[in-house]
Amino acid sequence: MSHHAVASPITCLMLSTSLAFSVAAAAERSPVRLIFDTDIQGDADDVGTVAVLHALVDSGEAEILATGVSSKNQWSPLCLSALNTYFGRGDIPLGVLKGPGSSKRSRYAQQIAEEFPRELKSLDDAPDAAMLYRRVLAAQEDNSVVIVSVGFLTNLRNLLMTKADGVSPLDGRELVATKVKTWVCMGGQFPKGTEACNMRRDALAAAYAIEHWPTPIVFSGGELGIQIQTGARLTKLPVSSPVRRAYELYNGLTNRASWDQTAVLYAIRGLDGGLEDVWDLRTKGSIHFDARTAHVEWRDRPQCKHAYLVKKMPPEQVARMIETLMLHLPKHSDEQDKKRRQNGSAAVQRKYSTVVADKTE
Ligand SMILES: [Ca+2]
């Protein structure tokens, strides 16, 4: 595997799909159809990101085809299921990492999994994430799916390595090349530096995934999200919210960097040019990642279709936007509240009619 240890910038010359970085006519946007892959263990920003994701699904801007967990922490998938369930989407397919991978202690995953209802009862009930993504991609239109990763790249490496099977005659790489429009990846350090987590902790998987990925990739590096501090305003959420609870367990409801939120926000609102006032995009180059040292470096190469987000709007303003999305309450609870209110007023009305009836009798 040593030849996979360094992601070669040459491979990006073989990219066949075009990068939709130009501003498209966004008048009639259909929801972004995406696969969301998260480690959801060591940091709370994954939880904030799940809230942002569901907020943007509720606003009609995105549709979740599948979610997956890239960490080996046994509570992480159950925690993600609890969050999906809270937002009224416990039935979204959820894949787990069946093979080896990275695991870390979580300050919140077990508690969220145990304290809140969830659709997924046991890890044994969940499919392998790479095989789930394979199934989901095979059923989609060509060049239509956006993949967002906010954790390790183990599942995406595994997806690329899948073989042709009953699901699709294409192998993993061909399937991605055919079905995926863009991969938005939280990871890296730009223009250069040492990778802090997502690429570093399963470095061989990261190097393989980046080297063999056949579509454009947009990176949100560690330098971007660290300046965007969110979480303190979550005190406004009801105590029944698992999002609030996770931040409470993680850091007592204080601010935390928003690395992962940037990737989901960009994947949904940015790919068609909708966030041009928020971030600039450095294009025409490629990421160079050394798996032995976790060193990342951007290299300008006009033919290449990697890109990374660059700060433009003041981070405090971006934080405000992201935190507002993190404060989103489940749509189904609005509907339930409305129903409760309607039932309530119907009950009052029934009582009133009875009183009236009693009086007239
Ligand atoms: Ca993460």
# chains A, B, ... in the order shown; residues from 1 in each chain; ligands from 1

$ residues_near_ligand --ligand "ligand 1" --cutoff "6 Å" --atoms "only C-alpha atoms and all ligand atoms" --output "PyMOL selection string"
chain A and resi 38-40+46+150-151+260

$ write_last_selection --atoms "N, CA and C atoms" --output "CSV table (one decimal), in the first residue's frame"
chain,number,residue,atom,x,y,z
A,38,THR,N,-20.2,10.9,8.6
A,38,THR,CA,-19.7,11.7,9.7
A,38,THR,C,-19.0,10.7,10.7
A,39,ASP,N,-18.1,11.2,11.5
A,39,ASP,CA,-17.5,10.4,12.6
A,39,ASP,C,-18.3,10.5,13.9
A,40,ILE,N,-18.9,11.6,14.1
A,40,ILE,CA,-19.7,11.9,15.3
A,40,ILE,C,-19.3,11.3,16.6
A,46,ASP,N,-20.1,17.9,14.8
A,46,ASP,CA,-20.9,16.9,14.0
A,46,ASP,C,-22.3,17.0,14.3
A,150,VAL,N,-17.6,14.6,6.8
A,150,VAL,CA,-17.1,15.5,7.9
A,150,VAL,C,-16.4,14.6,9.0
A,151,GLY,N,-15.8,13.5,8.5
A,151,GLY,CA,-15.1,12.6,9.4
A,151,GLY,C,-14.0,12.0,8.7
A,260,ASP,N,-17.3,21.2,10.6
A,260,ASP,CA,-18.2,20.4,9.8
A,260,ASP,C,-19.4,21.1,9.2

$ residues_around --residues "A:Asp124" --least-positions-apart "2" --cutoff "12 Å" --atoms "only C-alpha atoms" --output "PyMOL selection string"
chain A and resi 74+77-78+94-98+120-122+126-128

$ write_last_selection --atoms "N, CA and C atoms" --output "PDB file, in the first residue's frame"
ATOM      1  N   GLN A  74     -18.820   2.601  19.199  1.00  0.00           N
ATOM      2  CA  GLN A  74     -20.084   1.862  19.047  1.00  0.00           C
ATOM      3  C   GLN A  74     -21.313   2.739  19.286  1.00  0.00           C
ATOM      4  N   PRO A  77     -23.077   5.559  15.778  1.00  0.00           N
ATOM      5  CA  PRO A  77     -24.232   5.350  14.887  1.00  0.00           C
ATOM      6  C   PRO A  77     -25.568   5.474  15.637  1.00  0.00           C
ATOM      7  N   LEU A  78     -25.593   5.039  16.897  1.00  0.00           N
ATOM      8  CA  LEU A  78     -26.837   5.118  17.668  1.00  0.00           C
ATOM      9  C   LEU A  78     -27.159   6.576  17.993  1.00  0.00           C
ATOM     10  N   LEU A  94     -28.990   4.272   7.385  1.00  0.00           N
ATOM     11  CA  LEU A  94     -27.790   4.639   8.145  1.00  0.00           C
ATOM     12  C   LEU A  94     -26.786   3.484   8.071  1.00  0.00           C
ATOM     13  N   GLY A  95     -25.613   3.773   7.516  1.00  0.00           N
ATOM     14  CA  GLY A  95     -24.580   2.748   7.382  1.00  0.00           C
ATOM     15  C   GLY A  95     -23.506   2.900   8.447  1.00  0.00           C
ATOM     16  N   VAL A  96     -22.868   1.789   8.779  1.00  0.00           N
ATOM     17  CA  VAL A  96     -21.781   1.821   9.768  1.00  0.00           C
ATOM     18  C   VAL A  96     -20.525   1.203   9.150  1.00  0.00           C
ATOM     19  N   LEU A  97     -19.418   1.474   9.797  1.00  0.00           N
ATOM     20  CA  LEU A  97     -18.142   0.933   9.327  1.00  0.00           C
ATOM     21  C   LEU A  97     -17.968  -0.467   9.904  1.00  0.00           C
ATOM     22  N   LYS A  98     -18.050  -1.479   9.031  1.00  0.00           N
ATOM     23  CA  LYS A  98     -17.974  -2.863   9.525  1.00  0.00           C
ATOM     24  C   LYS A  98     -16.520  -3.330   9.684  1.00  0.00           C
ATOM     25  N   LEU A 120     -32.713   3.177  15.182  1.00  0.00           N
ATOM     26  CA  LEU A 120     -31.725   2.091  15.123  1.00  0.00           C
ATOM     27  C   LEU A 120     -31.506   1.528  16.532  1.00  0.00           C
ATOM     28  N   LYS A 121     -31.836   0.256  16.696  1.00  0.00           N
ATOM     29  CA  LYS A 121     -31.741  -0.336  18.038  1.00  0.00           C
ATOM     30  C   LYS A 121     -30.354  -0.901  18.310  1.00  0.00           C
ATOM     31  N   SER A 122     -29.726  -1.454  17.273  1.00  0.00           N
ATOM     32  CA  SER A 122     -28.432  -2.099  17.466  1.00  0.00           C
ATOM     33  C   SER A 122     -27.579  -1.938  16.216  1.00  0.00           C
ATOM     34  N   ALA A 126     -27.619  -2.350  11.239  1.00  0.00           N
ATOM     35  CA  ALA A 126     -27.200  -1.363  10.224  1.00  0.00           C
ATOM     36  C   ALA A 126     -26.317  -2.023   9.170  1.00  0.00           C
ATOM     37  N   PRO A 127     -26.474  -1.609   7.907  1.00  0.00           N
ATOM     38  CA  PRO A 127     -25.629  -2.169   6.842  1.00  0.00           C
ATOM     39  C   PRO A 127     -24.238  -1.533   6.847  1.00  0.00           C
ATOM     40  N   ASP A 128     -23.312  -2.144   6.158  1.00  0.00           N
ATOM     41  CA  ASP A 128     -21.999  -1.550   5.935  1.00  0.00           C
ATOM     42  C   ASP A 128     -22.182  -0.276   5.102  1.00  0.00           C
TER      43      ASP A 128
END

$ closest_atom_pairs --of "stretch 243-331 of chain A" --to "stretch 106-115 of chain A" --cutoff "6 Å" --atoms "only C-alpha atoms" --output "tab-separated table"
residue	atom	partner	partner_atom	distance
A:Ala246	CA	A:Tyr108	CA	5.4
A:Leu249	CA	A:Tyr108	CA	5.7
A:Tyr250	CA	A:Arg107	CA	5.6

$ atom_distance --atom1 "atom CA of A:Asp91" --atom2 "atom CA of A:Lys104"
26.5 Å

$ closest_residue --among "A:Gly187, A:Pro238, A:Gly60, A:Pro100" --to "A:Leu224" --atoms "only C-alpha atoms"
A:Gly187

$ closest_residue --among "A:Ala294, A:Gly225, A:Ser30, A:Gln303" --to "A:Pro315" --atoms "only C-alpha atoms"
A:Gly225

$ select_by_dssp --residues "stretch 13-176 of chain A" --states "strand (DSSP E or B)" --output "list in words"
Val32, Arg33, Leu34, Ile35, Phe36, Asp37, Thr38, Ala62, Glu63, Ile64, Leu65, Ala66, Thr67, Gly68, Val69, Leu94, Gly95, Val96, Asp128, Val145, Val146, Ile147, Val148, Ser149 and Val150 of chain A

$ closest_residue --among "A:Ala263, A:Ile287, A:Val318, A:Val148" --to "A:Thr230" --atoms "only C-alpha atoms"
A:Val318

$ closest_residue --among "A:Thr324, A:Thr67, A:Ser103, A:Asn155" --to "A:Ala206" --atoms "only C-alpha atoms"
A:Asn155

$ decode --residues "stretch 185-227 of chain A" --atoms "C-alpha atoms" --output "PDB file, in the first residue's frame"
ATOM      1  CA  CYS A 185     -14.842  17.175   2.309  1.00  0.00           C
ATOM      2  CA  MET A 186     -14.130  18.737   5.685  1.00  0.00           C
ATOM      3  CA  GLY A 187     -10.443  18.061   6.006  1.00  0.00           C
ATOM      4  CA  GLY A 188      -7.013  19.341   5.110  1.00  0.00           C
ATOM      5  CA  GLN A 189      -5.156  22.494   6.025  1.00  0.00           C
ATOM      6  CA  PHE A 190      -4.673  25.215   3.398  1.00  0.00           C
ATOM      7  CA  PRO A 191      -2.680  26.412   1.668  1.00  0.00           C
ATOM      8  CA  LYS A 192      -0.457  24.081   3.639  1.00  0.00           C
ATOM      9  CA  GLY A 193       0.022  22.628   7.105  1.00  0.00           C
ATOM     10  CA  THR A 194      -0.428  19.540   9.207  1.00  0.00           C
ATOM     11  CA  GLU A 195      -3.796  17.841   9.017  1.00  0.00           C
ATOM     12  CA  ALA A 196      -5.441  17.798  12.435  1.00  0.00           C
ATOM     13  CA  CYS A 197      -7.934  14.946  12.352  1.00  0.00           C
ATOM     14  CA  ASN A 198     -10.072  13.699   9.475  1.00  0.00           C
ATOM     15  CA  MET A 199      -7.248  12.737   7.119  1.00  0.00           C
ATOM     16  CA  ARG A 200      -4.699  12.066   9.797  1.00  0.00           C
ATOM     17  CA  ARG A 201      -6.489   9.464  11.906  1.00  0.00           C
ATOM     18  CA  ASP A 202      -6.957   7.014   9.023  1.00  0.00           C
ATOM     19  CA  ALA A 203      -4.248   8.437   6.801  1.00  0.00           C
ATOM     20  CA  LEU A 204      -3.977   5.527   4.376  1.00  0.00           C
ATOM     21  CA  ALA A 205      -7.714   5.596   3.723  1.00  0.00           C
ATOM     22  CA  ALA A 206      -7.554   9.367   3.224  1.00  0.00           C
ATOM     23  CA  ALA A 207      -4.657   9.138   0.782  1.00  0.00           C
ATOM     24  CA  TYR A 208      -6.369   6.365  -1.170  1.00  0.00           C
ATOM     25  CA  ALA A 209      -9.741   8.143  -1.309  1.00  0.00           C
ATOM     26  CA  ILE A 210      -8.238  11.435  -2.488  1.00  0.00           C
ATOM     27  CA  GLU A 211      -5.961   9.809  -5.038  1.00  0.00           C
ATOM     28  CA  HIS A 212      -8.640   7.616  -6.606  1.00  0.00           C
ATOM     29  CA  TRP A 213     -11.668   9.898  -6.345  1.00  0.00           C
ATOM     30  CA  PRO A 214     -12.887  10.545  -9.892  1.00  0.00           C
ATOM     31  CA  THR A 215     -15.036  13.690  -9.448  1.00  0.00           C
ATOM     32  CA  PRO A 216     -14.300  17.246  -8.340  1.00  0.00           C
ATOM     33  CA  ILE A 217     -13.612  17.670  -4.617  1.00  0.00           C
ATOM     34  CA  VAL A 218     -14.140  20.826  -2.571  1.00  0.00           C
ATOM     35  CA  PHE A 219     -12.255  20.924   0.737  1.00  0.00           C
ATOM     36  CA  SER A 220     -13.060  22.945   3.803  1.00  0.00           C
ATOM     37  CA  GLY A 221      -9.768  23.016   5.679  1.00  0.00           C
ATOM     38  CA  GLY A 222      -9.155  23.214   9.397  1.00  0.00           C
ATOM     39  CA  GLU A 223      -8.165  26.884   9.103  1.00  0.00           C
ATOM     40  CA  LEU A 224     -11.671  27.885   7.967  1.00  0.00           C
ATOM     41  CA  GLY A 225     -14.012  26.382  10.567  1.00  0.00           C
ATOM     42  CA  ILE A 226     -11.847  27.158  13.575  1.00  0.00           C
ATOM     43  CA  GLN A 227     -12.649  30.854  13.245  1.00  0.00           C
TER      44      GLN A 227
END
